[in-house]
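Here is the file run01.cif (mmCIF, C-alpha atoms).
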data_structure
#
loop_
_atom_site.group_PDB
_atom_site.id
_atom_site.type_symbol
_atom_site.label_atom_id
_atom_site.label_comp_id
_atom_site.auth_asym_id
_atom_site.auth_seq_id
_atom_site.Cartn_x
_atom_site.Cartn_y
_atom_site.Cartn_z
ATOM 1 C CA MET S 237 53.681 -46.920 0.919
ATOM 2 C CA ILE S 238 51.248 -49.466 -0.507
ATOM 3 C CA GLY S 239 48.789 -47.736 -2.844
ATOM 4 C CA ALA S 240 45.295 -47.111 -1.560
ATOM 5 C CA ALA S 241 43.753 -49.271 -4.299
ATOM 6 C CA LEU S 242 45.981 -52.212 -3.289
ATOM 7 C CA ILE S 243 45.125 -51.749 0.398
ATOM 8 C CA ALA S 244 41.424 -51.857 -0.470
ATOM 9 C CA SER S 245 41.803 -54.982 -2.605
ATOM 10 C CA LEU S 246 43.639 -56.773 0.208
ATOM 11 C CA LEU S 247 40.872 -55.887 2.639
ATOM 12 C CA LEU S 248 38.205 -57.129 0.268
ATOM 13 C CA ALA S 249 39.913 -60.480 -0.052
ATOM 14 C CA GLY S 250 39.234 -61.479 3.553
ATOM 15 C CA ALA S 251 36.306 -61.615 5.905
ATOM 16 C CA PRO S 252 34.401 -58.448 6.867
ATOM 17 C CA PRO S 253 36.811 -56.271 8.838
ATOM 18 C CA ALA S 254 36.470 -56.432 12.593
ATOM 19 C CA PRO S 255 36.785 -52.970 14.117
ATOM 20 C CA SER S 256 40.016 -52.228 15.940
ATOM 21 C CA PRO S 257 39.698 -51.277 19.628
ATOM 22 C CA LEU S 258 40.002 -47.590 18.677
ATOM 23 C CA GLU S 259 37.412 -47.904 15.914
ATOM 24 C CA GLN S 260 34.997 -49.756 18.196
ATOM 25 C CA ARG S 261 35.480 -47.099 20.870
ATOM 26 C CA ILE S 262 34.609 -44.343 18.394
ATOM 27 C CA PHE S 263 31.484 -46.192 17.285
ATOM 28 C CA ASP S 264 30.397 -46.759 20.894
ATOM 29 C CA LEU S 265 30.956 -43.073 21.719
ATOM 30 C CA SER S 266 28.727 -42.117 18.779
ATOM 31 C CA LEU S 267 25.805 -44.045 20.279
ATOM 32 C CA SER S 268 25.582 -42.502 23.751
ATOM 33 C CA PRO S 269 23.493 -40.469 23.799
ATOM 34 C CA ARG S 270 22.068 -40.580 20.282
ATOM 35 C CA SER S 271 18.591 -39.634 19.139
ATOM 36 C CA GLY S 272 16.937 -41.845 16.577
ATOM 37 C CA PRO S 273 17.608 -45.414 15.494
ATOM 38 C CA THR S 274 21.005 -47.000 16.089
ATOM 39 C CA PRO S 275 23.025 -47.151 12.858
ATOM 40 C CA ARG S 276 24.749 -50.297 11.630
ATOM 41 C CA LEU S 277 28.553 -50.479 11.496
ATOM 42 C CA SER S 278 28.940 -51.274 7.800
ATOM 43 C CA PRO S 279 31.869 -53.479 6.688
ATOM 44 C CA GLU S 280 31.962 -51.760 3.291
ATOM 45 C CA LEU S 281 31.973 -48.237 4.717
ATOM 46 C CA THR S 282 34.573 -49.307 7.293
ATOM 47 C CA ARG S 283 36.845 -50.582 4.516
ATOM 48 C CA ALA S 284 36.492 -47.260 2.701
ATOM 49 C CA ALA S 285 37.059 -45.254 5.894
ATOM 50 C CA ARG S 286 40.255 -47.196 6.647
ATOM 51 C CA THR S 287 41.623 -46.568 3.157
ATOM 52 C CA LEU S 288 40.861 -42.862 3.531
ATOM 53 C CA ALA S 289 42.433 -42.739 7.001
ATOM 54 C CA HIS S 290 45.702 -44.052 5.518
ATOM 55 C CA ASP S 291 45.427 -41.534 2.679
ATOM 56 C CA VAL S 292 44.855 -38.494 4.877
ATOM 57 C CA ALA S 293 47.774 -39.548 7.073
ATOM 58 C CA ALA S 294 49.979 -39.380 3.969
ATOM 59 C CA HIS S 295 48.410 -36.487 2.066
ATOM 60 C CA GLY S 296 46.341 -34.451 4.512
ATOM 61 C CA PRO S 297 42.640 -33.504 4.252
ATOM 62 C CA ALA S 298 42.926 -33.099 0.459
ATOM 63 C CA ALA S 299 42.665 -36.901 0.312
ATOM 64 C CA LEU S 300 38.980 -36.533 1.236
ATOM 65 C CA SER S 301 38.143 -34.998 -2.140
ATOM 66 C CA PRO S 302 34.879 -36.250 -3.693
ATOM 67 C CA GLU S 303 36.856 -38.106 -6.350
ATOM 68 C CA ARG S 304 39.011 -39.881 -3.773
ATOM 69 C CA LEU S 305 35.972 -40.693 -1.630
ATOM 70 C CA ARG S 306 34.226 -42.212 -4.637
ATOM 71 C CA ALA S 307 37.323 -44.292 -5.487
ATOM 72 C CA ALA S 308 37.554 -45.609 -1.917
ATOM 73 C CA LEU S 309 33.854 -46.504 -1.842
ATOM 74 C CA ALA S 310 34.101 -48.342 -5.163
ATOM 75 C CA ALA S 311 37.173 -50.289 -4.050
ATOM 76 C CA ALA S 312 35.393 -51.250 -0.821
ATOM 77 C CA GLY S 313 32.253 -52.464 -2.584
ATOM 78 C CA ALA S 314 30.034 -49.748 -1.090
ATOM 79 C CA PHE S 315 27.133 -48.527 -3.232
ATOM 80 C CA ASP S 316 26.374 -45.433 -1.111
ATOM 81 C CA PRO S 317 26.071 -42.461 -3.506
ATOM 82 C CA ALA S 318 27.128 -39.642 -1.167
ATOM 83 C CA PRO S 319 28.036 -40.500 2.433
ATOM 84 C CA GLU S 320 29.046 -37.736 4.813
ATOM 85 C CA ALA S 321 32.741 -37.814 5.725
ATOM 86 C CA ARG S 322 34.512 -36.349 8.753
ATOM 87 C CA TYR S 323 38.234 -36.373 9.605
ATOM 88 C CA GLU S 324 39.953 -35.953 12.964
ATOM 89 C CA ARG S 325 43.703 -35.791 13.680
ATOM 90 C CA ALA S 326 44.855 -35.813 17.302
ATOM 91 C CA THR S 327 46.056 -38.138 20.041
ATOM 92 C CA PRO S 328 44.065 -41.395 20.043
ATOM 93 C CA ASP S 329 41.966 -40.331 23.046
ATOM 94 C CA ALA S 330 41.198 -36.863 21.666
ATOM 95 C CA ALA S 331 40.552 -38.148 18.138
ATOM 96 C CA ALA S 332 38.166 -40.800 19.475
ATOM 97 C CA ALA S 333 36.192 -38.217 21.462
ATOM 98 C CA ARG S 334 35.965 -35.787 18.539
ATOM 99 C CA ALA S 335 35.151 -38.431 15.927
ATOM 100 C CA GLY S 336 32.530 -40.049 18.161
ATOM 101 C CA LEU S 337 30.878 -36.666 18.692
ATOM 102 C CA ALA S 338 30.981 -35.879 14.969
ATOM 103 C CA LEU S 339 29.472 -39.241 14.063
ATOM 104 C CA ARG S 340 26.771 -38.849 16.714
ATOM 105 C CA GLY S 341 25.568 -35.680 14.993
ATOM 106 C CA LEU S 342 25.217 -37.272 11.552
ATOM 107 C CA PRO S 343 21.870 -38.949 10.773
ATOM 108 C CA ALA S 344 22.583 -42.366 9.272
ATOM 109 C CA THR S 345 21.403 -45.919 8.864
ATOM 110 C CA ASP S 346 24.943 -47.171 8.181
ATOM 111 C CA VAL S 347 28.340 -45.864 9.266
ATOM 112 C CA GLY S 348 31.999 -46.699 8.804
ATOM 113 C CA VAL S 349 34.947 -45.935 11.089
ATOM 114 C CA GLY S 350 38.573 -46.041 9.986
ATOM 115 C CA ALA S 351 41.560 -45.274 12.224
ATOM 116 C CA PHE S 352 45.286 -45.206 11.477
ATOM 117 C CA VAL S 353 47.799 -44.424 14.229
ATOM 118 C CA ALA S 354 51.378 -43.342 13.472
ATOM 119 C CA GLY S 355 53.880 -41.732 15.846
ATOM 120 C CA GLY S 356 51.285 -41.291 18.573
ATOM 121 C CA THR S 357 48.896 -39.440 16.255
ATOM 122 C CA ALA S 358 45.558 -40.946 15.271
ATOM 123 C CA HIS S 359 44.055 -40.205 11.868
ATOM 124 C CA VAL S 360 40.343 -41.036 11.971
ATOM 125 C CA VAL S 361 37.806 -40.940 9.152
ATOM 126 C CA VAL S 362 34.114 -41.592 9.798
ATOM 127 C CA LEU S 363 31.524 -42.090 7.072
ATOM 128 C CA ALA S 364 27.763 -41.821 7.564
ATOM 129 C CA SER S 365 25.119 -42.820 5.041
ATOM 130 C CA THR S 366 21.329 -42.975 5.050
ATOM 131 C CA ARG S 367 20.773 -45.888 2.711
ATOM 132 C CA ARG S 368 17.717 -45.749 0.487
ATOM 133 C CA ALA S 369 18.165 -49.238 -0.940
ATOM 134 C CA SER S 370 19.309 -52.744 -0.148
ATOM 135 C CA LEU S 371 21.375 -54.370 -2.865
ATOM 136 C CA SER S 372 22.647 -57.861 -3.602
ATOM 137 C CA PRO S 373 26.426 -58.046 -4.160
ATOM 138 C CA PHE S 374 27.471 -56.764 -7.585
ATOM 139 C CA PRO S 375 30.941 -57.157 -9.116
ATOM 140 C CA ALA S 376 33.226 -54.150 -9.508
ATOM 141 C CA ARG S 377 34.988 -55.783 -12.469
ATOM 142 C CA VAL S 378 33.571 -57.934 -15.282
ATOM 143 C CA GLU S 379 34.682 -59.329 -18.627
ATOM 144 C CA PRO S 380 33.376 -57.985 -21.982
ATOM 145 C CA GLY S 381 30.138 -59.684 -22.956
ATOM 146 C CA ALA S 382 29.124 -60.406 -19.361
ATOM 147 C CA VAL S 383 25.490 -60.123 -18.327
ATOM 148 C CA VAL S 384 25.045 -59.539 -14.589
ATOM 149 C CA ARG S 385 21.792 -59.526 -12.631
ATOM 150 C CA LEU S 386 21.221 -56.365 -10.576
ATOM 151 C CA ARG S 387 18.794 -57.047 -7.743
ATOM 152 C CA GLY S 388 17.622 -55.044 -4.744
ATOM 153 C CA ALA S 389 14.831 -53.061 -3.118
ATOM 154 C CA LEU S 390 14.256 -49.389 -2.465
ATOM 155 C CA VAL S 391 13.760 -48.131 1.082
ATOM 156 C CA GLY S 392 11.195 -45.346 1.472
ATOM 157 C CA LEU S 393 11.132 -44.718 -2.285
ATOM 158 C CA ARG S 394 9.107 -45.962 -5.243
ATOM 159 C CA ALA S 395 9.377 -46.332 -9.030
ATOM 160 C CA PRO S 396 12.983 -47.536 -9.337
ATOM 161 C CA GLU S 397 14.918 -46.610 -12.463
ATOM 162 C CA LEU S 398 18.315 -47.774 -13.712
ATOM 163 C CA HIS S 399 20.601 -45.195 -15.321
ATOM 164 C CA LEU S 400 23.577 -46.784 -17.074
ATOM 165 C CA THR S 401 26.506 -44.736 -18.375
ATOM 166 C CA LEU S 402 28.410 -46.530 -21.134
ATOM 167 C CA PRO S 403 32.151 -46.056 -21.802
ATOM 168 C CA SER S 404 31.167 -43.722 -24.660
ATOM 169 C CA GLY S 405 29.378 -41.402 -22.224
ATOM 170 C CA GLU S 406 25.931 -42.362 -23.508
ATOM 171 C CA VAL S 407 23.349 -42.797 -20.745
ATOM 172 C CA ARG S 408 20.611 -45.419 -21.039
ATOM 173 C CA GLU S 409 17.582 -45.325 -18.752
ATOM 174 C CA THR S 410 15.310 -48.227 -17.835
ATOM 175 C CA ALA S 411 12.195 -48.159 -15.647
ATOM 176 C CA LEU S 412 12.189 -51.108 -13.241
ATOM 177 C CA GLY S 413 8.525 -51.226 -12.261
ATOM 178 C CA PRO S 414 6.604 -49.732 -9.336
ATOM 179 C CA GLY S 415 9.034 -50.985 -6.678
ATOM 180 C CA PRO S 416 10.170 -51.242 -4.051
ATOM 181 C CA ALA S 417 11.835 -54.471 -5.285
ATOM 182 C CA PHE S 418 13.695 -54.298 -8.579
ATOM 183 C CA ALA S 419 15.804 -56.492 -10.831
ATOM 184 C CA ALA S 420 17.527 -56.015 -14.181
ATOM 185 C CA ASP S 421 20.048 -57.842 -16.357
ATOM 186 C CA VAL S 422 22.925 -55.491 -17.178
ATOM 187 C CA ARG S 423 25.003 -56.240 -20.285
ATOM 188 C CA PHE S 424 28.598 -55.097 -20.534
ATOM 189 C CA ALA S 425 29.107 -55.251 -24.284
ATOM 190 C CA GLY S 426 32.646 -53.930 -24.561
ATOM 191 C CA PRO S 427 35.622 -52.876 -22.460
ATOM 192 C CA GLY S 428 35.673 -49.604 -20.553
ATOM 193 C CA ARG S 429 34.215 -47.950 -17.486
ATOM 194 C CA TYR S 430 30.504 -48.201 -16.758
ATOM 195 C CA VAL S 431 28.472 -46.475 -14.041
ATOM 196 C CA LEU S 432 25.181 -47.920 -12.775
ATOM 197 C CA GLU S 433 22.832 -45.740 -10.794
ATOM 198 C CA VAL S 434 19.503 -46.676 -9.245
ATOM 199 C CA THR S 435 17.089 -43.859 -8.462
ATOM 200 C CA GLY S 436 13.660 -43.719 -6.893
ATOM 201 C CA ALA S 437 10.869 -41.206 -6.473
ATOM 202 C CA GLY S 438 10.206 -39.730 -3.053
ATOM 203 C CA GLU S 439 8.305 -36.896 -1.440
ATOM 204 C CA ARG S 440 11.244 -34.565 -2.069
ATOM 205 C CA GLY S 441 11.784 -35.498 -5.684
ATOM 206 C CA PRO S 442 14.046 -37.998 -7.451
ATOM 207 C CA THR S 443 16.634 -39.551 -5.149
ATOM 208 C CA VAL S 444 19.787 -41.495 -5.952
ATOM 209 C CA ALA S 445 19.651 -44.773 -4.023
ATOM 210 C CA ALA S 446 22.746 -46.612 -5.291
ATOM 211 C CA LEU S 447 25.827 -45.823 -7.376
ATOM 212 C CA LEU S 448 28.036 -48.594 -8.776
ATOM 213 C CA PRO S 449 31.094 -47.994 -10.971
ATOM 214 C CA VAL S 450 32.147 -51.116 -12.892
ATOM 215 C CA ALA S 451 35.352 -51.776 -14.876
ATOM 216 C CA CYS S 452 34.902 -54.042 -17.891
ATOM 217 C CA GLY S 453 37.865 -55.849 -19.391
ATOM 218 C CA ASP S 454 41.485 -54.765 -19.183
ATOM 219 C CA VAL S 455 40.835 -51.290 -17.793
ATOM 220 C CA PRO S 456 43.642 -49.865 -15.651
ATOM 221 C CA PRO S 457 42.609 -48.818 -12.119
ATOM 222 C CA GLU S 458 42.061 -45.140 -11.627
ATOM 223 C CA ASP S 459 45.064 -43.402 -10.098
ATOM 224 C CA PRO S 460 44.146 -42.483 -6.504
ATOM 225 C CA GLU S 461 46.823 -39.800 -6.447
ATOM 226 C CA ALA S 462 45.343 -38.012 -9.469
ATOM 227 C CA ALA S 463 42.256 -36.964 -7.516
ATOM 228 C CA LEU S 464 44.241 -35.353 -4.728
ATOM 229 C CA ALA S 465 44.673 -32.097 -6.638
ATOM 230 C CA GLY S 466 40.880 -31.869 -6.519
ATOM 231 C CA ASP S 467 39.797 -28.251 -6.566
ATOM 232 C CA ALA S 468 43.033 -26.536 -5.652
ATOM 233 C CA GLY S 469 42.655 -24.027 -8.467
ATOM 234 C CA GLU S 470 39.113 -22.894 -7.731
ATOM 235 C CA GLU S 471 38.601 -19.285 -6.690
ATOM 236 C CA ARG S 472 36.908 -18.588 -3.365
ATOM 237 C CA ASP S 473 34.875 -15.795 -4.961
ATOM 238 C CA PRO S 474 31.299 -17.161 -5.394
ATOM 239 C CA ARG S 475 31.055 -15.462 -8.787
ATOM 240 C CA GLU S 476 34.163 -17.264 -10.009
ATOM 241 C CA ALA S 477 32.796 -20.516 -8.579
ATOM 242 C CA VAL S 478 29.663 -20.058 -10.698
ATOM 243 C CA ARG S 479 31.783 -19.326 -13.781
ATOM 244 C CA ALA S 480 33.827 -22.484 -13.134
ATOM 245 C CA VAL S 481 30.662 -24.594 -13.087
ATOM 246 C CA VAL S 482 29.343 -22.945 -16.259
ATOM 247 C CA ARG S 483 32.656 -23.690 -18.007
ATOM 248 C CA ALA S 484 32.514 -27.320 -16.826
ATOM 249 C CA ILE S 485 28.947 -27.726 -18.137
ATOM 250 C CA ALA S 486 29.964 -26.240 -21.488
ATOM 251 C CA ALA S 487 32.960 -28.580 -21.710
ATOM 252 C CA LEU S 488 30.794 -31.619 -20.932
ATOM 253 C CA ARG S 489 28.293 -30.700 -23.638
ATOM 254 C CA ASP S 490 31.139 -30.037 -26.104
ATOM 255 C CA ARG S 491 32.513 -33.540 -25.492
ATOM 256 C CA HIS S 492 29.132 -35.024 -26.396
ATOM 257 C CA GLY S 493 28.475 -32.809 -29.422
ATOM 258 C CA LEU S 494 25.639 -30.877 -27.771
ATOM 259 C CA PRO S 495 25.004 -27.134 -28.160
ATOM 260 C CA ARG S 496 26.015 -24.940 -25.269
ATOM 261 C CA LEU S 497 23.338 -23.560 -22.969
ATOM 262 C CA ALA S 498 22.516 -19.864 -22.832
ATOM 263 C CA TRP S 499 22.936 -18.001 -19.537
ATOM 264 C CA SER S 500 19.636 -16.978 -17.896
ATOM 265 C CA PRO S 501 19.752 -14.428 -15.057
ATOM 266 C CA ALA S 502 16.243 -15.472 -13.997
ATOM 267 C CA LEU S 503 17.171 -19.155 -13.735
ATOM 268 C CA ALA S 504 20.429 -18.261 -12.004
ATOM 269 C CA GLU S 505 18.496 -16.402 -9.317
ATOM 270 C CA VAL S 506 16.153 -19.373 -8.774
ATOM 271 C CA ALA S 507 19.187 -21.660 -8.483
ATOM 272 C CA ARG S 508 20.934 -19.299 -6.045
ATOM 273 C CA ARG S 509 17.902 -19.164 -3.754
ATOM 274 C CA GLN S 510 17.576 -22.967 -3.753
ATOM 275 C CA SER S 511 21.276 -23.344 -2.974
ATOM 276 C CA GLU S 512 20.969 -20.979 -0.007
ATOM 277 C CA ALA S 513 17.807 -22.754 1.198
ATOM 278 C CA MET S 514 19.535 -26.143 1.076
ATOM 279 C CA ALA S 515 22.509 -24.730 3.002
ATOM 280 C CA ARG S 516 20.196 -23.387 5.712
ATOM 281 C CA ALA S 517 18.277 -26.678 5.908
ATOM 282 C CA GLY S 518 21.439 -28.769 5.929
ATOM 283 C CA GLU S 519 20.131 -31.136 3.260
ATOM 284 C CA VAL S 520 20.214 -31.629 -0.489
ATOM 285 C CA ALA S 521 16.813 -32.066 -2.138
ATOM 286 C CA HIS S 522 14.719 -30.822 -5.023
ATOM 287 C CA ALA S 523 11.843 -30.125 -2.626
ATOM 288 C CA LEU S 524 12.767 -29.109 0.903
ATOM 289 C CA ARG S 525 10.413 -29.563 3.839
ATOM 290 C CA GLY S 526 7.791 -26.818 3.817
ATOM 291 C CA ALA S 527 8.818 -25.600 0.354
ATOM 292 C CA GLY S 528 7.659 -26.283 -3.165
ATOM 293 C CA GLY S 529 9.403 -28.236 -5.888
ATOM 294 C CA LEU S 530 10.983 -26.960 -9.086
ATOM 295 C CA GLU S 531 7.693 -26.069 -10.785
ATOM 296 C CA GLN S 532 6.642 -23.832 -7.908
ATOM 297 C CA ARG S 533 10.046 -22.149 -7.762
ATOM 298 C CA LEU S 534 9.903 -21.407 -11.515
ATOM 299 C CA ARG S 535 6.618 -19.518 -11.359
ATOM 300 C CA GLY S 536 6.999 -16.294 -13.286
ATOM 301 C CA VAL S 537 9.878 -17.654 -15.381
ATOM 302 C CA ALA S 538 9.123 -18.454 -19.024
ATOM 303 C CA TYR S 539 10.298 -21.949 -20.043
ATOM 304 C CA ARG S 540 9.239 -24.977 -22.095
ATOM 305 C CA ARG S 541 10.999 -27.717 -20.127
ATOM 306 C CA ALA S 542 13.160 -27.550 -17.019
ATOM 307 C CA ARG S 543 15.494 -29.956 -15.254
ATOM 308 C CA GLU S 544 17.443 -29.413 -12.046
ATOM 309 C CA ASN S 545 20.583 -30.960 -10.561
ATOM 310 C CA VAL S 546 21.347 -30.605 -6.852
ATOM 311 C CA ALA S 547 24.548 -31.818 -5.207
ATOM 312 C CA ARG S 548 26.825 -31.176 -2.260
ATOM 313 C CA GLY S 549 30.608 -30.868 -2.063
ATOM 314 C CA PRO S 550 33.480 -28.942 -0.492
ATOM 315 C CA SER S 551 33.292 -26.484 -3.395
ATOM 316 C CA ALA S 552 30.966 -25.607 -6.243
ATOM 317 C CA ILE S 553 33.035 -27.380 -8.884
ATOM 318 C CA ALA S 554 33.371 -30.466 -6.657
ATOM 319 C CA ALA S 555 29.591 -30.609 -6.263
ATOM 320 C CA HIS S 556 29.205 -30.284 -10.036
ATOM 321 C CA ARG S 557 31.688 -33.112 -10.624
ATOM 322 C CA ALA S 558 29.708 -35.325 -8.255
ATOM 323 C CA ALA S 559 26.552 -34.607 -10.268
ATOM 324 C CA GLU S 560 28.402 -35.082 -13.567
ATOM 325 C CA GLU S 561 29.528 -38.534 -12.443
ATOM 326 C CA SER S 562 25.912 -39.510 -11.808
ATOM 327 C CA PRO S 563 24.204 -41.017 -14.899
ATOM 328 C CA ALA S 564 20.795 -39.682 -13.812
ATOM 329 C CA HIS S 565 22.134 -36.119 -13.613
ATOM 330 C CA ARG S 566 23.812 -35.935 -17.015
#

As a first step, turn the structure in this file into structure tokens.
Amino acid sequence: MIGAALIASLLLAGAPPAPSPLEQRIFDLSLSPRSGPTPRLSPELTRAARTLAHDVAAHGPAALSPERLRAALAAAGAFDPAPEARYERATPDAAAARAGLALRGLPATDVGVGAFVAGGTAHVVVLASTRRASLSPFPARVEPGAVVRLRGALVGLRAPELHLTLPSGEVRETALGPGPAFAADVRFAGPGRYVLEVTGAGERGPTVAALLPVACGDVPPEDPEAALAGDAGEERDPREAVRAVVRAIAALRDRHGLPRLAWSPALAEVARRQSEAMARAGEVAHALRGAGGLEQRLRGVAYRRARENVARGPSAIAAHRAAEESPAHR
């Protein structure tokens, strides 16, 4: 089987992918009836969805791990930080009906549909993203010493900021003006992996608008198979899930020579209530509709300075890894 990274690179070499008849059928089914604006069928998200459809056919739903999703998005040239993903496996007719219905229920400005049929079974992956920025094309690979212009505009957000993670793990932050338009020259001084993230301020707090991993120099591609193990070892017990995240945070701080954080039952309770509120609302935000932000939720808790990370994933440790990958959340 051709590796997923090679499949993605072959797709990128040609023109934007035209949807197959099955993919077009799924997209059409997602539109009728659909409340709200009609989403765009994104070439980049379609490339990523096709790569993932091949992967799940070979490896099962584990191939939709957050790490594998991020790798597919990067290979496809998609800057979406956290698109929703759904997978259907059935006969082509049944898979089209189910995937179209699933996509219809996902709010999005841009979607991708990938279908792979083998032995009469269709493997369909749909991706849905509400884009908060437009972005000029940006290379996924550069040479050491390159300076590349990052240019775009926020959508429904203000005060753009660039968060750049260097190969060393250091994060550098740059304010890019009041917005919505922004531009910055990004220097890639030495070889290694860089991550660029553009954030903006909105009514529900800071929001990640774009996420761009970039390989500089002779950096080997990340192994797509390595991410498939994902979170197989995580306990289903919520208490163990919390302990796994605490251990991961401690390990991250150890790697960067920072002191470990002390456990606070009061802060843990505030975090638990926000997690449950986000689950009920079906959205990830620092300030949910009709609720206060972090400062209001910390009333009665003694603190000097507070920061909050919020993320979504198939498990607690997967959500933490998604936040850990984000320069603005480190």

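With distances restricted to all atoms listed in the file, S:Ala477 is the closest residue to Ala554 of chain S from S:Ala477, S:Leu265, S:Arg483, S:Arg286.
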
Top pick for closest residue to Leu402 of chain S, considering S:Ala293, S:Ala425, S:Ala310, S:Ala369 and counting all atoms listed in the file: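 Ranked by minimum distance to Leu402 of chain S, first place goes to S:Ala425.
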
Shortest interatomic distance to Val347 of chain S - which of S:Ala299, S:Leu277, S:Ala307, S:Leu503, counting only C-alpha atoms: S:Leu277

Which one is closest to Glu379 of chain S: S:Ala542, S:Ile262, S:Val455, S:Ala254? Count only C-alpha atoms. S:Val455

Find the spatial neighbours of Ala382 of chain S, counting all atoms listed in the file, within a cut-off of 7 Å - ignore same-chain residues fewer than 2 positions away - and output them as an NGL selection string. :S and (378-380 or 384 or 423-424)

Just so the selection is clear, what residues does the PyMOL selection byres ((chain S and resi 351) around 6) cover here, as a list of chain:residue names?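 On this input, the PyMOL selection byres ((chain S and resi 351) around 6) captures S:Ala289, S:Gly350, S:Phe352, S:His359, S:Val360.
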
Determine the residue membership of the PyMOL selection byres ((chain S and resi 441) around 12) for the file above and supply it as a PyMOL selection string. chain S and resi 393-395+435-440+442-444+520-525+527-531+543-546

Selection to disk with C-alpha atoms, as a short mmCIF file (atom, residue, chain, number, x, y, z; two decimals), in the coordinates of the input:
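Saved to again_11.cif:
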data_model
loop_
_atom_site.label_atom_id
_atom_site.label_comp_id
_atom_site.auth_asym_id
_atom_site.auth_seq_id
_atom_site.Cartn_x
_atom_site.Cartn_y
_atom_site.Cartn_z
CA LEU S 393 11.13 -44.72 -2.28
CA ARG S 394 9.11 -45.96 -5.24
CA ALA S 395 9.38 -46.33 -9.03
CA THR S 435 17.09 -43.86 -8.46
CA GLY S 436 13.66 -43.72 -6.89
CA ALA S 437 10.87 -41.21 -6.47
CA GLY S 438 10.21 -39.73 -3.05
CA GLU S 439 8.30 -36.90 -1.44
CA ARG S 440 11.24 -34.56 -2.07
CA PRO S 442 14.05 -38.00 -7.45
CA THR S 443 16.63 -39.55 -5.15
CA VAL S 444 19.79 -41.50 -5.95
CA VAL S 520 20.21 -31.63 -0.49
CA ALA S 521 16.81 -32.07 -2.14
CA HIS S 522 14.72 -30.82 -5.02
CA ALA S 523 11.84 -30.12 -2.63
CA LEU S 524 12.77 -29.11 0.90
CA ARG S 525 10.41 -29.56 3.84
CA ALA S 527 8.82 -25.60 0.35
CA GLY S 528 7.66 -26.28 -3.16
CA GLY S 529 9.40 -28.24 -5.89
CA LEU S 530 10.98 -26.96 -9.09
CA GLU S 531 7.69 -26.07 -10.78
CA ARG S 543 15.49 -29.96 -15.25
CA GLU S 544 17.44 -29.41 -12.05
CA ASN S 545 20.58 -30.96 -10.56
CA VAL S 546 21.35 -30.60 -6.85
#

Could you list, as a ChimeraX atom specification, every residue matched by the PyMOL selection byres ((chain S and resi 481) around 10) in this structure? /S:476-480,482-487,552-557

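The smallest atom-to-atom distance between Ser271 of chain S and any of S:Val349, S:Ala547, S:Ala411, S:Leu342, using all atoms listed in the file, is found for S:Leu342.
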
In Å, how far is it from atom CA of Ala502 of chain S to atom CA of Leu534 of chain S?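 Atom-to-atom, atom CA of Ala502 of chain S and atom CA of Leu534 of chain S are spaced 9.0 Å apart.
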
Surrounding residues of Leu412 of chain S excluding itself and chain neighbours under 6 positions, 6 Å, all atoms listed in the file, as a PyMOL selection string: chain S and resi 396-397+418

Tell me, in Å to one decimal, how far atom CA of Thr357 of chain S is from atom CA of Thr287 of chain S.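 It comes out at 16.6 Å.
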
Would you compute the distance between atom CA of Ala330 of chain S and atom CA of Val361 of chain S? Give it in Å to one decimal.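 Atom CA of Val361 of chain S lies at a distance of 13.6 Å from atom CA of Ala330 of chain S.
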
Cut-off 6 Å around (32.1, -50.7, 6.8) with all atoms listed in the file: residues as an mmCIF file with C-alpha atoms, in the frame of the given file:
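Output below, filename point_21.cif:
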data_model
loop_
_atom_site.group_PDB
_atom_site.id
_atom_site.type_symbol
_atom_site.label_atom_id
_atom_site.label_comp_id
_atom_site.auth_asym_id
_atom_site.auth_seq_id
_atom_site.Cartn_x
_atom_site.Cartn_y
_atom_site.Cartn_z
ATOM 1 C CA LEU S 277 28.553 -50.479 11.496
ATOM 2 C CA SER S 278 28.940 -51.274 7.800
ATOM 3 C CA PRO S 279 31.869 -53.479 6.688
ATOM 4 C CA GLU S 280 31.962 -51.760 3.291
ATOM 5 C CA LEU S 281 31.973 -48.237 4.717
ATOM 6 C CA THR S 282 34.573 -49.307 7.293
ATOM 7 C CA ARG S 283 36.845 -50.582 4.516
ATOM 8 C CA GLY S 348 31.999 -46.699 8.804
#

Can you tell me which residues surround Asp316 of chain S at a distance of at most 10 Å, considering only C-alpha atoms, apart from same-chain residues fewer than 5 positions away, and format the answer as a VMD selection string? chain S and resid 280 to 281 306 309 to 310 346 364 to 369 444 to 448

Closest of S:Gly313, S:Val383, S:Ala335, S:Ala354 to Leu371 of chain S, counting only C-alpha atoms, is S:Gly313

Around the point (27.2, -48.3, -16.9), in the coordinates given by the file, pick out the residues reaching within 7 Å, counting only C-alpha atoms, and return them as an mmCIF file with C-alpha atoms, in the frame of the given file.
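Result file follows (result.cif):
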data_model
loop_
_atom_site.group_PDB
_atom_site.id
_atom_site.type_symbol
_atom_site.label_atom_id
_atom_site.label_comp_id
_atom_site.auth_asym_id
_atom_site.auth_seq_id
_atom_site.Cartn_x
_atom_site.Cartn_y
_atom_site.Cartn_z
ATOM 1 C CA LEU S 400 23.577 -46.784 -17.074
ATOM 2 C CA THR S 401 26.506 -44.736 -18.375
ATOM 3 C CA LEU S 402 28.410 -46.530 -21.134
ATOM 4 C CA TYR S 430 30.504 -48.201 -16.758
ATOM 5 C CA VAL S 431 28.472 -46.475 -14.041
ATOM 6 C CA LEU S 432 25.181 -47.920 -12.775
ATOM 7 C CA VAL S 450 32.147 -51.116 -12.892
#
